[in-house]
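Accompanying notes for the structure given below.
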Amino acid sequence: MKSADPRALLDALLSGAELAFPPETTGKARTLAQAEEPPAAEVASLPEPLALAVLESQIRQRRSALAEALAESGSKPLAKAAKRALYQLRSLGLELPERRADRPPQPQPAPETREEFPFLLSPVTGTGERALLAARPRRGGGLEVLQIVFDDEQGIRELSAAEVGRGALRKLLKEIRSKDGQHHLEVSAAEAREALGAAWAKNLASRTPLPKEAEEDLRHLGVQPNERALALPLPEEGDAGLALEGHQLHGQPELTSWLPPEKQLRVLSQRLEEVTASPLQLTPEQKEEQLFQKVRATAEEFFTPEAKRLYAGRLWAMASYFERTGRPGPGAIARAEARRLFHLSPGISRFSEFLFEKVLILARRARAGQAMPGMGERLEEPRPAPKERRSPGGLIIP
């Protein structure tokens, strides 16, 4: 029996009737017609009438996999029959995914030119504070600008977010790239993550909670707490010589406003007042010497191991800042001083001492009615080393 009607041919296959096909082919078709999900490749290898009969068996079983596969067949009769089978199955109430061939062609969007906005990082203030500005695309369009304020004692303290347009962001970047004479550095995403990771580690160490919802924003930027970023390398050969010039760093615009903390300012002010108001009959040279002794003693008390490491981190960050703003000399001095401070080199450094000497210099300006130094204005040179006094016999007189 050989019939062009797939239904009749399927009935014959299922009943075991003899068909006008080779026995092996008939047996294979009979097996596929009884299978739950016959492989499409094997069905397509059958003579067309038998393949259509097997397809009919899937319609009766309310199964669509074979029809979906054969709809993409290179055989036009099989593909046409498979599409007709899918239509029948939908008519029977079977929910089927829309075939790609039935979907209207979708226009391909033009490749998007993605504008990259930089991360901007401020220099370090005298209290160890920095600010970082980051822009990121929002879902559905637009940009979100994050401003993160952090310091080297408590960590990340403020995080604010605002939605802005691209034009407004460009204007904002132009304004803050050079604000009050202090240029913000354009840093890579990796550098921004390192700075924020070190700050987050400070939050954990100081047990200072992150601002509300800050953790989600930080993780979105790829930031993780990074305590290792707080460590500095060992001192190098030549650092001791460079550190002798550490007082010069206070002449850089960004360090002009670096002063001791308020508590130490009060202590130093009281000590200087004691010398100034002393009833002892002192020569100007003796009084000057006592003033600077008070300055040095206060600096030595302040620069404990913890304070040394704190200022080491600040100077290390500023070393990179100096180098990237075209000041390799101050950058090298800052790195040398930072390494020596972090690894607790003995004694009080010229950078550390002049941090307190500035207070005396500024106090004298104030008493003389002179204006305070402007941004980057060079302070007077530190006091010269006292000259040795010798007796006629050559002995040093204290």
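Lettering and numbering for the structure tokens are positional, with chains as A, B, ... in the shown order, residues counted from 1 in each chain, and ligands counted from 1 in the shown order.
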- Would you return as a PyMOL selection string the members of region 244-385 of chain A that DSSP assigns to helix (DSSP H, G or I) on this structure's backbone? chain A and resi 246-251+253-255+262-276+284-302+305-324+328-342+350-367
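Close contacts of Leu52 (chain A), defined as residues with an atom at most 8 Å away when counting only C-alpha atoms, with chain neighbours fewer than 2 positions off set aside, comprise Pro6, Glu48, Pro49, Leu50, Val54, Leu55, Glu56, Leu78 and Ala81 of chain A.
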Distance query Ala297 (chain A) at most 12 Å, only C-alpha atoms, self and fewer than 6 positions along chain excluded, as a PDB file with C-alpha atoms, in the first residue's frame:
```
ATOM      1  CA  GLN A 264      48.147  70.413  68.785  1.00  0.00           C
ATOM      2  CA  VAL A 267      49.161  73.191  72.781  1.00  0.00           C
ATOM      3  CA  LEU A 268      51.746  74.901  70.596  1.00  0.00           C
ATOM      4  CA  ARG A 271      53.832  77.053  74.708  1.00  0.00           C
ATOM      5  CA  LEU A 272      54.806  79.887  72.376  1.00  0.00           C
ATOM      6  CA  GLN A 290      63.428  78.741  72.890  1.00  0.00           C
ATOM      7  CA  LEU A 291      60.528  79.313  70.493  1.00  0.00           C
ATOM      8  CA  PHE A 303      54.448  62.377  65.382  1.00  0.00           C
ATOM      9  CA  GLY A 347      63.921  61.146  64.604  1.00  0.00           C
ATOM     10  CA  ILE A 348      61.764  64.026  63.441  1.00  0.00           C
ATOM     11  CA  SER A 352      57.208  67.046  60.044  1.00  0.00           C
ATOM     12  CA  GLU A 353      59.026  69.799  61.894  1.00  0.00           C
ATOM     13  CA  PHE A 356      54.664  73.111  63.131  1.00  0.00           C
ATOM     14  CA  GLU A 357      57.168  75.841  62.197  1.00  0.00           C
TER      15      GLU A 357
END
```
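Among the residues of region 178-354 of chain A, backbone DSSP assigns strand (DSSP E) to Ser178, Lys179, Gln182, His183, Leu185, Glu186 and Val187 of chain A.
Near Pro211 (chain A), within a cut-off of 8 Å and counting only C-alpha atoms, sit the residues A:Ile156, A:Arg157, A:Glu158, A:Leu159, with same-chain residues fewer than 6 positions away left out.
Across A:Arg90, A:Asp217, A:Arg84, A:Leu232, the tightest approach to Val145 (chain A) is made by A:Asp217 when counting only C-alpha atoms.
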